[in-house]
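Here is the structure we will look at, set down as structure tokens.
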Amino acid sequence: MQEAMIPINGVPTHVMTQGCWIEEDLAPGGCKDIVVLITGNPGIPEFYKGFIKSLKEKLPSETPVWVVGHAGHVQPPKLLHAKPSDIPDKQLYDMKGQYDHKMQFIKKYVPKDARLHLVGHSIGSWFILNLLRDEEIEQRTVKCYLLFPTIENMLDTPNGKFYTSIVSWLIPVLLIFTWIFSCFPYILQFYLVRLFGIFYGIPAKSIKAVLQLLNYTVLNNVFMLANEELQRVRELDHNVIEKHASKLWFYYGTRDGWVPVSYYENLKACHPKVDAVLCKRRFYHSFVLNNDVEMGYIVADKINEMIDQSHS
């Protein structure tokens, strides 16, 4: 596994890869398939480390898996203790900024002759559907794998209602506590998160990712993006789904506070030919915490189907 902070759309961005690095040539003579994961919110690649490891484990050796974090969701090391006054340009971190960010990454680093497999989690699925509007990206994409997709009416979901009625009012307080927390010695931060995780189901493997999240500037960007998601993600984009149905695979949860089962039923009712499945293993929306390996294997099987079809 390789990782680094690279500039994308003017923002230092955390990128993590299994297989060849983003600036390396793909395996010569092999089939040029590339898997790019667009994260949910928070867009911290560290949360997805186990997922991409298990995903890569079942893919052909020459097929790399790349995950690109959201702009502003991981601070470069020298800014890890950013103060409240360090809040950057909002336009780079809103939904349009994140969309431009992912488009620039794909067009700059994914070879034009590669077959692109796009994996999206949560709001990452919304970004992928919108990226398909770009003709160049659409032509290079062979399949999109949309996991627990927040692509319609987020405000009306149980989690959306809880966020607007309770969490949104607590954001200023949470940001202040986060800034205070970031001033603690790292070892104290680590053990506090570990203790909290024992009671709230956060596994030890996710401590590093949680610590990256608990930074004033990062958390501010996360909340800013979440607020905009709730307002902008409204009606299902029937035109994009209908036009690109053959390139879409949806995976819905049965106990997902952001994507109720009724949204799966609505999608199937409106688009009966679309390939959509309902999780039989009762995974949560935040599958990366406890079911990342299993989910990686499921997605790898679907990607292998597409690769096998391209060989036949």
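Here's how to read the names in the structure tokens: chain A, B, ... by the order shown, residue numbers from 1 in each chain, ligand numbers from 1 in the order shown.
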Fill in: Contacts of range 243-245 of chain A within 8 Å, only C-alpha atoms, excl. fewer than 2 positions in-chain, as a VMD selection string
chain A and resid 132 239 to 241 247 to 248 273 to 275
Discussion item. For Phe283 in chain A, find every residue with an atom within 12 Å (counting only C-alpha atoms), except residues of its own chain fewer than 5 positions away, and show them as a list in words.
Written reply: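 Near neighbours after the sequence-gap exclusion: Leu147, Phe148, Tyr251, Tyr252, Gly253, Thr254, Arg255, Asp256, Gly257, Leu278, Val288, Leu289, Asn290, Asn291, Asp292, Val293, Glu294 and Met295 of chain A.
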Can those selected residues be exported to a file as a compact mmCIF listing (two decimals), in the first residue's frame so that it contains all heavy atoms?
```txt
# COMPACT_ATOMS: atom_id res chain seq x y z
N LEU A 147 -22.36 2.06 -3.38
CA LEU A 147 -22.60 1.38 -2.10
C LEU A 147 -23.31 2.29 -1.12
O LEU A 147 -22.84 3.40 -0.85
CB LEU A 147 -21.25 0.93 -1.52
CG LEU A 147 -20.28 0.25 -2.48
CD1 LEU A 147 -18.97 -0.09 -1.76
CD2 LEU A 147 -20.90 -0.99 -3.11
N PHE A 148 -24.46 1.83 -0.63
CA PHE A 148 -25.26 2.61 0.32
C PHE A 148 -25.40 4.04 -0.21
O PHE A 148 -25.02 5.02 0.47
CB PHE A 148 -24.62 2.58 1.71
CG PHE A 148 -24.35 1.18 2.21
CD1 PHE A 148 -23.14 0.54 1.95
CD2 PHE A 148 -25.32 0.48 2.91
CE1 PHE A 148 -22.89 -0.75 2.39
CE2 PHE A 148 -25.08 -0.82 3.36
CZ PHE A 148 -23.86 -1.43 3.10
N TYR A 251 -25.95 -1.03 -4.33
CA TYR A 251 -25.98 -1.92 -3.16
C TYR A 251 -26.60 -1.14 -2.00
O TYR A 251 -26.01 -0.19 -1.49
CB TYR A 251 -24.57 -2.37 -2.80
CG TYR A 251 -24.53 -3.49 -1.77
CD1 TYR A 251 -24.50 -4.82 -2.17
CD2 TYR A 251 -24.50 -3.20 -0.40
CE1 TYR A 251 -24.45 -5.84 -1.24
CE2 TYR A 251 -24.46 -4.22 0.53
CZ TYR A 251 -24.42 -5.54 0.11
OH TYR A 251 -24.38 -6.56 1.04
N TYR A 252 -27.81 -1.57 -1.60
CA TYR A 252 -28.55 -0.88 -0.54
C TYR A 252 -28.53 -1.71 0.75
O TYR A 252 -28.51 -2.94 0.71
CB TYR A 252 -30.01 -0.68 -0.96
CG TYR A 252 -30.23 0.44 -1.94
CD1 TYR A 252 -30.02 0.25 -3.31
CD2 TYR A 252 -30.65 1.70 -1.52
CE1 TYR A 252 -30.22 1.29 -4.22
CE2 TYR A 252 -30.86 2.73 -2.41
CZ TYR A 252 -30.64 2.52 -3.76
OH TYR A 252 -30.84 3.55 -4.66
N GLY A 253 -28.56 -1.01 1.89
CA GLY A 253 -28.61 -1.67 3.19
C GLY A 253 -30.03 -1.84 3.69
O GLY A 253 -30.95 -1.14 3.25
N THR A 254 -30.20 -2.76 4.64
CA THR A 254 -31.53 -2.99 5.22
C THR A 254 -31.71 -2.24 6.54
O THR A 254 -32.82 -2.20 7.07
CB THR A 254 -31.76 -4.49 5.45
OG1 THR A 254 -30.68 -5.00 6.25
CG2 THR A 254 -31.80 -5.24 4.13
N ARG A 255 -30.64 -1.68 7.06
CA ARG A 255 -30.76 -0.87 8.29
C ARG A 255 -29.87 0.36 8.16
O ARG A 255 -28.93 0.55 8.92
CB ARG A 255 -30.43 -1.68 9.53
CG ARG A 255 -29.14 -2.50 9.48
CD ARG A 255 -28.94 -3.23 10.80
NE ARG A 255 -27.71 -3.97 10.86
CZ ARG A 255 -27.28 -4.63 11.94
NH1 ARG A 255 -28.00 -4.59 13.05
NH2 ARG A 255 -26.15 -5.30 11.93
N ASP A 256 -30.21 1.16 7.20
CA ASP A 256 -29.42 2.32 6.83
C ASP A 256 -30.21 3.58 7.13
O ASP A 256 -31.22 3.86 6.48
CB ASP A 256 -29.06 2.24 5.34
CG ASP A 256 -28.05 3.30 4.92
OD1 ASP A 256 -27.93 4.33 5.60
OD2 ASP A 256 -27.39 3.09 3.88
N GLY A 257 -29.74 4.35 8.12
CA GLY A 257 -30.45 5.57 8.50
C GLY A 257 -30.38 6.68 7.48
O GLY A 257 -31.16 7.63 7.53
N LEU A 278 -30.31 -5.67 -2.42
CA LEU A 278 -30.53 -5.28 -1.03
C LEU A 278 -29.66 -6.18 -0.15
O LEU A 278 -29.69 -7.41 -0.28
CB LEU A 278 -32.01 -5.45 -0.68
CG LEU A 278 -32.54 -4.74 0.56
CD1 LEU A 278 -32.34 -3.24 0.47
CD2 LEU A 278 -34.03 -5.05 0.74
N VAL A 288 -17.36 0.53 6.64
CA VAL A 288 -15.90 0.55 6.74
C VAL A 288 -15.41 0.29 8.16
O VAL A 288 -14.25 -0.06 8.37
CB VAL A 288 -15.31 1.87 6.22
CG1 VAL A 288 -15.52 1.99 4.72
CG2 VAL A 288 -15.91 3.06 6.95
N LEU A 289 -16.27 0.45 9.16
CA LEU A 289 -15.85 0.26 10.54
C LEU A 289 -15.76 -1.22 10.90
O LEU A 289 -14.80 -1.64 11.55
CB LEU A 289 -16.81 0.97 11.50
CG LEU A 289 -16.87 2.50 11.39
CD1 LEU A 289 -17.86 3.06 12.40
CD2 LEU A 289 -15.48 3.12 11.61
N ASN A 290 -16.73 -2.01 10.49
CA ASN A 290 -16.78 -3.40 10.96
C ASN A 290 -16.98 -4.44 9.87
O ASN A 290 -16.82 -5.64 10.15
CB ASN A 290 -17.91 -3.55 12.00
CG ASN A 290 -17.66 -2.72 13.25
OD1 ASN A 290 -16.67 -2.91 13.94
ND2 ASN A 290 -18.55 -1.78 13.53
N ASN A 291 -17.33 -4.04 8.67
CA ASN A 291 -17.57 -5.01 7.60
C ASN A 291 -16.82 -4.66 6.32
O ASN A 291 -17.28 -4.96 5.22
CB ASN A 291 -19.08 -5.11 7.31
CG ASN A 291 -19.88 -5.54 8.51
OD1 ASN A 291 -20.63 -4.75 9.08
ND2 ASN A 291 -19.73 -6.79 8.93
N ASP A 292 -15.68 -4.01 6.47
CA ASP A 292 -14.93 -3.57 5.30
C ASP A 292 -14.39 -4.74 4.47
O ASP A 292 -14.41 -4.68 3.24
CB ASP A 292 -13.79 -2.64 5.71
CG ASP A 292 -12.93 -3.20 6.84
OD1 ASP A 292 -13.26 -4.28 7.39
OD2 ASP A 292 -11.94 -2.54 7.20
N VAL A 293 -13.94 -5.80 5.14
CA VAL A 293 -13.39 -6.95 4.41
C VAL A 293 -14.47 -7.65 3.60
O VAL A 293 -14.30 -7.93 2.40
CB VAL A 293 -12.72 -7.94 5.39
CG1 VAL A 293 -12.29 -9.22 4.65
CG2 VAL A 293 -11.52 -7.29 6.05
N GLU A 294 -15.60 -7.94 4.24
CA GLU A 294 -16.69 -8.61 3.54
C GLU A 294 -17.19 -7.79 2.35
O GLU A 294 -17.45 -8.32 1.27
CB GLU A 294 -17.85 -8.89 4.50
CG GLU A 294 -17.49 -9.78 5.68
CD GLU A 294 -17.13 -8.98 6.92
OE1 GLU A 294 -16.45 -7.93 6.77
OE2 GLU A 294 -17.52 -9.40 8.03
N MET A 295 -17.31 -6.47 2.57
CA MET A 295 -17.79 -5.60 1.49
C MET A 295 -16.77 -5.55 0.35
O MET A 295 -17.15 -5.50 -0.83
CB MET A 295 -18.04 -4.21 2.06
CG MET A 295 -18.96 -3.34 1.21
SD MET A 295 -20.66 -3.93 1.20
CE MET A 295 -20.94 -4.08 -0.56
```
Worksheet entry | Selection near His238 in chain A, 12 Å with only C-alpha atoms, sequence-local residues under 4 positions removed, as a PyMOL selection string | chain A and resi 129-130+151-152+234+242-245+266-271+274
Worksheet item: Using only C-alpha atoms, which of A:Gly72, A:Gly50, A:Pro45, A:Pro60 sits nearest Pro7 in chain A?
Response: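 Using only C-alpha atoms, Pro7 in chain A sits closest to A:Gly72.
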What are the closest atom pairs, with distances in Å to one decimal, for each residue of range 128-157 of chain A lying within 12 Å of range 89-105 of chain A, using only C-alpha atoms, rows by chain and rising residue number, as a Markdown table?
```
| residue | atom | partner | partner_atom | distance |
| --- | --- | --- | --- | --- |
| A:Ile128 | CA | A:Tyr99 | CA | 8.8 |
| A:Leu129 | CA | A:Tyr99 | CA | 10.6 |
| A:Asn130 | CA | A:Tyr99 | CA | 8.0 |
| A:Leu131 | CA | A:Met103 | CA | 7.0 |
| A:Leu132 | CA | A:Met103 | CA | 10.2 |
| A:Arg133 | CA | A:Met103 | CA | 10.9 |
| A:Asp134 | CA | A:Met103 | CA | 8.8 |
| A:Glu135 | CA | A:Met103 | CA | 11.5 |
| A:Glu136 | CA | A:Met103 | CA | 10.1 |
| A:Ile137 | CA | A:Met103 | CA | 8.1 |
| A:Glu138 | CA | A:Met103 | CA | 11.2 |
```
Worksheet entry | Members of range 73-186 of chain A assigned alpha helix (DSSP H) by DSSP, as a ChimeraX atom specification | /A:95-109,123-131,135-140,158-162,168-182,186
Worksheet item: When you draw a straight line from CA of Gly201 in chain A to CA of Phe127 in chain A, how long is it in Å?
Response: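 So the two atoms, CA of Gly201 in chain A and CA of Phe127 in chain A, lie 28.4 Å apart.
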Item to complete: Return the single residue from A:Pro272, A:Gly69, A:Gly124, A:Gly43 that is closest to Val233 in chain A, with distances computed using only C-alpha atoms.
Response: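 Residue with the minimum atom-to-atom distance to Val233 in chain A: A:Gly124.
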Fill in: Residue nearest Glu228 in chain A among A:Thr164, A:Cys20, A:Leu192, A:Pro77 (counting only C-alpha atoms)
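The answer is A:Thr164, which sits nearest to Glu228 in chain A.
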Worksheet item: So which residues of range 8-228 of chain A fall under strand (DSSP E) by DSSP, listed as a ChimeraX atom specification?
Response: /A:8,11-18,33-38,65-68,115-121,141-147
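Considering the residues A:Ile202, A:Leu155, A:Leu219, A:Val277 and counting only C-alpha atoms, Leu174 in chain A has its shortest atom-to-atom contact with A:Leu219.
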Discussion item. Considering only C-alpha atoms, can you say which of A:Tyr48, A:Phe250, A:Tyr263, A:Phe181 comes closest to Cys279 in chain A?
Written reply: A:Phe250
Discussion item. Counting only C-alpha atoms, which residue out of A:Trp21, A:Trp249, A:Tyr163, A:Tyr297 sits closest to Tyr145 in chain A?
Written reply: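 Closest to Tyr145 in chain A, using only C-alpha atoms: A:Trp249.
The spacing separating CA of Val193 in chain A from CA of Val210 in chain A amounts to 7.6 Å.
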Item to complete: Just the residues within 6 Å of Tyr216 in chain A, please, counting only C-alpha atoms, with nothing from its chain fewer than 3 positions along; format it as a list in words.
Response: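 So, after excluding close chain neighbours, the residues are Leu175, Thr178, Trp179 and Leu219 of chain A.
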